[in-house]
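See below for the structure under consideration.
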Amino acid sequence: MRMIAVIDYHKGNLKSVERGLIAAGGDARITDDAGEIARADAIVLPGVGAFADAAATMEELGQMGVIRERVDAGVPFLGICLGMHLMFEEGTEGAPDEDDEVSSHNARGLALLPGVVDLMPRVDAEGNSYKVPHVGWNSIVPLPGGGLGGAQSLKQSCSHEKPTGLFGSCGTRLVSTTEPSDAAPVFSCPLFADVAPGEFFYFTHSYVAPDTPATVAVATHAVTFPCAVQFRDNAFGVQFHPEKSSDAGAKVLANFVKLARASRRSA
């Protein structure tokens with residue numbers, strides 16, 4: 001395997017993602033060069049900044065078209081947090097007339113997946129208030145077959161005790177009320193090989209992706225939302241930050257490196 005390109009769209013520090021991939025055995029390099037991205041064996045789009053600003057910079061640097069072409073060619077791709085959001089058609093974050101619900105005002109993403117990324121609700125269906133941004137550790141539940149389908153039942157199975165605060169602010173960790181069991185669904189997505197259902201990952205976000213058949217895992221904070229997606233056999237997105245998620249996150253990055261290595265051998 002030659003190189004995993006960690007895409008730099010000039011919005012923040014990407015070193016933690018690069019270090020995580022290197023620790024997992026990958027040859028990762030931060031780059032903003034479209035030509036170098038086109039030659040990479042795998043691509044990681046980290047989560048830094050706002051949707052509209054990131055998308056505009058990526059378009060200006062020629063990264064958008066190259067990513068679409070490489071994903072279409074079967075090159076492994078991983079979007080992290082905002083990087084997952086950018087896999088969708090549009091996003092309201094930072095777009096002109098953000099309060100206007102007319103789709104044409106939204107910022108355009110990679111459009112690998114359909115739908116609009118929008119602000120996370122602050123109140124759940126029962127009227128309970130939640131802090132947004134959602135910052136802290138949260139369990140995730142696999143969704144074999146994709147699609148939220150029974151969102152209400154999923155919300156019950158992976159719901160949290162109503163938090164008095166969020167991890168990192170007053171020390172309260174969001175706690176799943178359900179322990180995984182033999183009857184619980186397991187991850188079918190290869191990005192989560194050897195990851196237990198209900199595992200905790202670190203989140204920090206204010207916006208959530210729409211439900212599509214690409215959804216492979218969900219989490220709950222005010223609403224049940226997609227926290228992992230898969231497009232074809234080679235493109236994945238995660239709402240959480242694997243590079244900040246201890247051993248579980250390291251496993252996800254290691255699984256991606258394995259996928260990238262296998263793809264290179266079969267090319």
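Naming works like this for the structure tokens: A, B, ... for the chains as they're shown, residue 1 at the start of each chain, ligands 1 onward in shown order.
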Self-check item: Lys251 of chain A surroundings by only C-alpha atoms, 9 Å radius, close-in-sequence under 5 positions cut, as a ChimeraX atom specification
Solution: /A:24,191-195,242,246,256
For the selection you just gave me, I'd like the residues written to a file as a compact mmCIF listing (two decimals), in the first residue's frame, keeping N, CA and C atoms.
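So again05.txt came out as:
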# COMPACT_ATOMS: atom_id res chain seq x y z
N ALA A 24 -2.13 2.52 13.29
CA ALA A 24 -2.85 1.34 12.82
C ALA A 24 -2.13 0.62 11.69
N LEU A 191 -16.10 -2.10 8.59
CA LEU A 191 -15.40 -1.06 9.35
C LEU A 191 -15.48 -1.34 10.85
N PHE A 192 -16.50 -2.13 11.28
CA PHE A 192 -16.71 -2.41 12.69
C PHE A 192 -16.41 -3.86 13.06
N ALA A 193 -15.57 -4.50 12.29
CA ALA A 193 -15.16 -5.88 12.62
C ALA A 193 -14.53 -5.90 14.01
N ASP A 194 -15.00 -6.83 14.84
CA ASP A 194 -14.50 -7.01 16.22
C ASP A 194 -14.85 -5.84 17.15
N VAL A 195 -15.83 -5.03 16.76
CA VAL A 195 -16.35 -3.98 17.65
C VAL A 195 -17.68 -4.47 18.22
N PRO A 242 -13.02 8.59 15.60
CA PRO A 242 -12.28 7.39 16.00
C PRO A 242 -10.90 7.73 16.57
N SER A 246 -10.24 6.16 21.95
CA SER A 246 -9.51 5.12 22.67
C SER A 246 -9.40 3.83 21.84
N PHE A 256 -10.08 0.08 8.81
CA PHE A 256 -10.02 0.83 7.55
C PHE A 256 -8.67 0.60 6.86
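For Ala23 of chain A, the list of residues within 9 Å, based on only C-alpha atoms and with local chain neighbours fewer than 3 positions off taken out, reads Glu18, Arg19, Gly20, Gly26, Ala250, Leu253 and Ala254 of chain A.
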Can you write out the residues you just picked, keeping N, CA and C atoms, as a PDB file, in the first residue's frame?
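The file below, selection06.pdb, is the result:
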ATOM      1  N   GLU A  18      -3.958  11.610  11.284  1.00  0.00           N
ATOM      2  CA  GLU A  18      -2.769  11.043  10.657  1.00  0.00           C
ATOM      3  C   GLU A  18      -2.050  10.099  11.611  1.00  0.00           C
ATOM      4  N   ARG A  19      -1.866  10.530  12.867  1.00  0.00           N
ATOM      5  CA  ARG A  19      -1.179   9.685  13.847  1.00  0.00           C
ATOM      6  C   ARG A  19      -1.949   8.393  14.107  1.00  0.00           C
ATOM      7  N   GLY A  20      -3.298   8.487  14.181  1.00  0.00           N
ATOM      8  CA  GLY A  20      -4.102   7.299  14.415  1.00  0.00           C
ATOM      9  C   GLY A  20      -3.973   6.281  13.304  1.00  0.00           C
ATOM     10  N   GLY A  26      -0.923   2.212   8.776  1.00  0.00           N
ATOM     11  CA  GLY A  26      -1.068   2.848   7.481  1.00  0.00           C
ATOM     12  C   GLY A  26       0.014   3.883   7.206  1.00  0.00           C
ATOM     13  N   ALA A 250      -9.417   3.101  17.748  1.00  0.00           N
ATOM     14  CA  ALA A 250      -8.216   2.545  17.125  1.00  0.00           C
ATOM     15  C   ALA A 250      -8.552   1.309  16.301  1.00  0.00           C
ATOM     16  N   LEU A 253     -10.055   2.453  12.959  1.00  0.00           N
ATOM     17  CA  LEU A 253      -9.005   2.913  12.052  1.00  0.00           C
ATOM     18  C   LEU A 253      -8.182   1.738  11.524  1.00  0.00           C
ATOM     19  N   ALA A 254      -7.915   0.764  12.385  1.00  0.00           N
ATOM     20  CA  ALA A 254      -7.177  -0.417  11.943  1.00  0.00           C
ATOM     21  C   ALA A 254      -7.972  -1.197  10.898  1.00  0.00           C
TER      22      ALA A 254
END
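By chain and then residue number, the residues within 12 Å of Gly65 of chain A are Ala34, Gly35, Ile37, Ala38, Ala55, Met58, Glu59, Glu60, Arg70, Val71, Asp72, Gly109, Leu110, Ala111 and Leu112 of chain A, counting only C-alpha atoms and disregarding those fewer than 5 positions away in sequence.
Here the strand (DSSP E or B) residues in segment 12-114 of chain A, by DSSP on the backbone, are Ala28, Arg29, Ile30, Thr31, Ala42, Ile43, Val44, Leu45, Phe77, Leu78, Gly79, Ile80, Phe88, Glu89, Glu90, Gly91, Ala107, Arg108, Leu113 and Pro114 of chain A.
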How would the residues just picked look written out with N, CA and C atoms as a PDB file, in the first residue's frame?
ATOM      1  N   ALA A  28       0.050   7.167   6.213  1.00  0.00           N
ATOM      2  CA  ALA A  28      -0.879   8.295   6.070  1.00  0.00           C
ATOM      3  C   ALA A  28      -0.114   9.592   5.918  1.00  0.00           C
ATOM      4  N   ARG A  29      -0.611  10.455   5.026  1.00  0.00           N
ATOM      5  CA  ARG A  29       0.012  11.751   4.801  1.00  0.00           C
ATOM      6  C   ARG A  29      -1.062  12.809   4.595  1.00  0.00           C
ATOM      7  N   ILE A  30      -0.904  13.935   5.253  1.00  0.00           N
ATOM      8  CA  ILE A  30      -1.816  15.061   5.088  1.00  0.00           C
ATOM      9  C   ILE A  30      -1.480  15.766   3.783  1.00  0.00           C
ATOM     10  N   THR A  31      -2.495  16.025   2.968  1.00  0.00           N
ATOM     11  CA  THR A  31      -2.263  16.698   1.691  1.00  0.00           C
ATOM     12  C   THR A  31      -3.494  17.492   1.273  1.00  0.00           C
ATOM     13  N   ALA A  42      -5.974   5.173  -0.687  1.00  0.00           N
ATOM     14  CA  ALA A  42      -7.150   5.329   0.159  1.00  0.00           C
ATOM     15  C   ALA A  42      -7.243   6.798   0.564  1.00  0.00           C
ATOM     16  N   ILE A  43      -8.438   7.220   0.955  1.00  0.00           N
ATOM     17  CA  ILE A  43      -8.679   8.628   1.254  1.00  0.00           C
ATOM     18  C   ILE A  43      -9.439   8.742   2.572  1.00  0.00           C
ATOM     19  N   VAL A  44      -8.987   9.644   3.433  1.00  0.00           N
ATOM     20  CA  VAL A  44      -9.697   9.957   4.668  1.00  0.00           C
ATOM     21  C   VAL A  44     -10.018  11.442   4.664  1.00  0.00           C
ATOM     22  N   LEU A  45     -11.301  11.766   4.897  1.00  0.00           N
ATOM     23  CA  LEU A  45     -11.758  13.152   4.952  1.00  0.00           C
ATOM     24  C   LEU A  45     -12.131  13.454   6.399  1.00  0.00           C
ATOM     25  N   PHE A  77     -12.568   4.875   1.143  1.00  0.00           N
ATOM     26  CA  PHE A  77     -12.791   6.249   1.608  1.00  0.00           C
ATOM     27  C   PHE A  77     -13.406   6.201   2.991  1.00  0.00           C
ATOM     28  N   LEU A  78     -12.943   7.098   3.865  1.00  0.00           N
ATOM     29  CA  LEU A  78     -13.530   7.226   5.201  1.00  0.00           C
ATOM     30  C   LEU A  78     -13.757   8.703   5.500  1.00  0.00           C
ATOM     31  N   GLY A  79     -15.012   9.073   5.766  1.00  0.00           N
ATOM     32  CA  GLY A  79     -15.348  10.421   6.199  1.00  0.00           C
ATOM     33  C   GLY A  79     -15.581  10.431   7.701  1.00  0.00           C
ATOM     34  N   ILE A  80     -14.963  11.380   8.401  1.00  0.00           N
ATOM     35  CA  ILE A  80     -15.055  11.464   9.862  1.00  0.00           C
ATOM     36  C   ILE A  80     -15.786  12.738  10.251  1.00  0.00           C
ATOM     37  N   PHE A  88     -22.943  13.627   1.859  1.00  0.00           N
ATOM     38  CA  PHE A  88     -24.332  13.823   1.447  1.00  0.00           C
ATOM     39  C   PHE A  88     -24.466  14.950   0.423  1.00  0.00           C
ATOM     40  N   GLU A  89     -25.666  15.083  -0.125  1.00  0.00           N
ATOM     41  CA  GLU A  89     -25.900  16.065  -1.182  1.00  0.00           C
ATOM     42  C   GLU A  89     -25.728  17.500  -0.704  1.00  0.00           C
ATOM     43  N   GLU A  90     -26.313  17.806   0.455  1.00  0.00           N
ATOM     44  CA  GLU A  90     -26.335  19.190   0.907  1.00  0.00           C
ATOM     45  C   GLU A  90     -26.213  19.283   2.422  1.00  0.00           C
ATOM     46  N   GLY A  91     -25.851  20.494   2.889  1.00  0.00           N
ATOM     47  CA  GLY A  91     -25.798  20.762   4.320  1.00  0.00           C
ATOM     48  C   GLY A  91     -26.230  22.183   4.601  1.00  0.00           C
ATOM     49  N   ALA A 107     -25.538  24.396   1.133  1.00  0.00           N
ATOM     50  CA  ALA A 107     -24.226  24.135   0.551  1.00  0.00           C
ATOM     51  C   ALA A 107     -24.211  22.734  -0.060  1.00  0.00           C
ATOM     52  N   ARG A 108     -23.499  22.561  -1.152  1.00  0.00           N
ATOM     53  CA  ARG A 108     -23.443  21.290  -1.854  1.00  0.00           C
ATOM     54  C   ARG A 108     -22.274  20.442  -1.363  1.00  0.00           C
ATOM     55  N   LEU A 113     -24.274  10.308  -1.199  1.00  0.00           N
ATOM     56  CA  LEU A 113     -25.507   9.857  -0.569  1.00  0.00           C
ATOM     57  C   LEU A 113     -26.558  10.954  -0.675  1.00  0.00           C
ATOM     58  N   PRO A 114     -27.842  10.592  -0.721  1.00  0.00           N
ATOM     59  CA  PRO A 114     -28.896  11.600  -0.858  1.00  0.00           C
ATOM     60  C   PRO A 114     -29.253  12.249   0.474  1.00  0.00           C
TER      61      PRO A 114
END
Exercise. Rank A:Ala228, A:Val123, A:Leu82, A:Ile140 by their smallest atom-to-atom distance to Lys11 of chain A, using only C-alpha atoms, and report the top residue only.
Key: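 For Lys11 of chain A, the nearest of the candidates is A:Leu82.
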Quiz item: Between A:Ser263, A:Val223, A:Asp33, A:Arg232, which is the closest to Gln63 of chain A once you count only C-alpha atoms?
Solution: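 Between A:Ser263, A:Val223, A:Asp33, A:Arg232, the residue approaching Gln63 of chain A most closely is A:Asp33.
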Quiz item: Quick one: residues within 10 Å of Pro190 of chain A, only C-alpha atoms counted, chain neighbours fewer than 6 positions away excluded, as a count of residues only?
Solution: 9
Exercise. Could you please determine the separation between atom CA of Arg68 of chain A and atom CA of Gly83 of chain A in Å, to one decimal place?
Key: 13.3 Å
Exercise. Provide the atom CA of Ala95 of chain A to atom CA of Tyr207 of chain A distance in Å, to one decimal place.
Key: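 Straight-line distance from atom CA of Ala95 of chain A to atom CA of Tyr207 of chain A works out to 12.9 Å.
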List the spatial neighbours of Ser139 of chain A as a PDB file with N, CA and C atoms, in the first residue's frame - criterion: any atom at most 6 Å away, only C-alpha atoms, same-chain residues fewer than 6 positions off excluded.
ATOM      1  N   GLY A 198     -23.078  -1.597  21.070  1.00  0.00           N
ATOM      2  CA  GLY A 198     -23.179  -0.800  22.277  1.00  0.00           C
ATOM      3  C   GLY A 198     -21.868  -0.161  22.704  1.00  0.00           C
ATOM      4  N   GLU A 199     -20.810  -0.341  21.925  1.00  0.00           N
ATOM      5  CA  GLU A 199     -19.509   0.256  22.248  1.00  0.00           C
ATOM      6  C   GLU A 199     -19.626   1.786  22.278  1.00  0.00           C
ATOM      7  N   PHE A 200     -18.799   2.411  23.099  1.00  0.00           N
ATOM      8  CA  PHE A 200     -18.807   3.869  23.221  1.00  0.00           C
ATOM      9  C   PHE A 200     -17.738   4.511  22.340  1.00  0.00           C
TER      10      PHE A 200
END
Practice problem: Would you mind telling me which residue in A:Pro76, A:Ala219, A:Arg122, A:Phe201 lies nearest to Ala235 of chain A when using only C-alpha atoms? | Solution: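 Nearest candidate to Ala235 of chain A out of A:Pro76, A:Ala219, A:Arg122, A:Phe201: A:Pro76.
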Exercise. Choose the residue, out of A:Asp211, A:Asn128, A:Val216, A:Met120, that has the smallest atom-to-atom separation from Pro144 of chain A; count only C-alpha atoms.
Key: A:Val216
Quiz item: Which polymer residues have any atom within 10 Å of an atom of His10 of chain A, counting only C-alpha atoms, with same-chain residues fewer than 6 positions away left out, as a list in words?
Solution: Thr31, Asp32, Val48, Gly49, Asp53, Ala54, Thr57 and Met58 of chain A
Quiz prompt | Option closest in space to Leu14 of chain A, from A:Pro213, A:Phe240, A:Gly47, A:Cys81 [counting only C-alpha atoms] | solution = A:Gly47
Practice problem: Name the residues of segment 10-251 of chain A that fall into alpha helix (DSSP H) according to DSSP on the backbone, using the chain letters and numbers of this document, as JSON, numbers by chain. | Solution: {"A": [15, 16, 17, 18, 19, 20, 21, 22, 23, 34, 35, 36, 37, 38, 39, 51, 52, 53, 54, 55, 56, 57, 58, 59, 60, 63, 64, 65, 66, 67, 68, 69, 70, 71, 72, 82, 83, 84, 85, 151, 152, 153, 154, 155, 156, 157, 246, 247, 248, 249, 250, 251]}
Quiz prompt | Residue neighbourhood Val218 of chain A, 8 Å, only C-alpha atoms, exclusion window fewer than 4 positions, as a list in words | solution =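 The residues that qualify are Ile140, Val141, Pro142, Leu143, Thr224, Phe225, Pro226, Cys227 and Ala228 of chain A.
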Please, could you write that set of residues out with N, CA and C atoms as a PDB file, in the first residue's frame?
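Final output, out-v4.pdb:
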ATOM      1  N   ILE A 140     -23.103   3.191  20.410  1.00  0.00           N
ATOM      2  CA  ILE A 140     -23.669   3.077  19.073  1.00  0.00           C
ATOM      3  C   ILE A 140     -24.266   1.688  18.894  1.00  0.00           C
ATOM      4  N   VAL A 141     -25.312   1.623  18.081  1.00  0.00           N
ATOM      5  CA  VAL A 141     -26.051   0.380  17.868  1.00  0.00           C
ATOM      6  C   VAL A 141     -26.021   0.022  16.392  1.00  0.00           C
ATOM      7  N   PRO A 142     -25.614  -1.198  16.042  1.00  0.00           N
ATOM      8  CA  PRO A 142     -25.598  -1.592  14.629  1.00  0.00           C
ATOM      9  C   PRO A 142     -26.991  -1.681  14.053  1.00  0.00           C
ATOM     10  N   LEU A 143     -27.081  -1.419  12.773  1.00  0.00           N
ATOM     11  CA  LEU A 143     -28.351  -1.457  12.064  1.00  0.00           C
ATOM     12  C   LEU A 143     -28.187  -2.333  10.834  1.00  0.00           C
ATOM     13  N   THR A 224     -32.711   9.751  17.569  1.00  0.00           N
ATOM     14  CA  THR A 224     -31.873   8.679  17.050  1.00  0.00           C
ATOM     15  C   THR A 224     -31.379   9.103  15.675  1.00  0.00           C
ATOM     16  N   PHE A 225     -30.059   9.086  15.484  1.00  0.00           N
ATOM     17  CA  PHE A 225     -29.500   9.613  14.236  1.00  0.00           C
ATOM     18  C   PHE A 225     -28.452   8.647  13.682  1.00  0.00           C
ATOM     19  N   PRO A 226     -28.227   8.687  12.369  1.00  0.00           N
ATOM     20  CA  PRO A 226     -27.182   7.842  11.792  1.00  0.00           C
ATOM     21  C   PRO A 226     -25.807   8.263  12.308  1.00  0.00           C
ATOM     22  N   CYS A 227     -25.047   7.314  12.816  1.00  0.00           N
ATOM     23  CA  CYS A 227     -23.685   7.616  13.260  1.00  0.00           C
ATOM     24  C   CYS A 227     -22.642   6.872  12.447  1.00  0.00           C
ATOM     25  N   ALA A 228     -23.087   6.042  11.505  1.00  0.00           N
ATOM     26  CA  ALA A 228     -22.162   5.396  10.576  1.00  0.00           C
ATOM     27  C   ALA A 228     -22.928   5.043   9.306  1.00  0.00           C
TER      28      ALA A 228
END
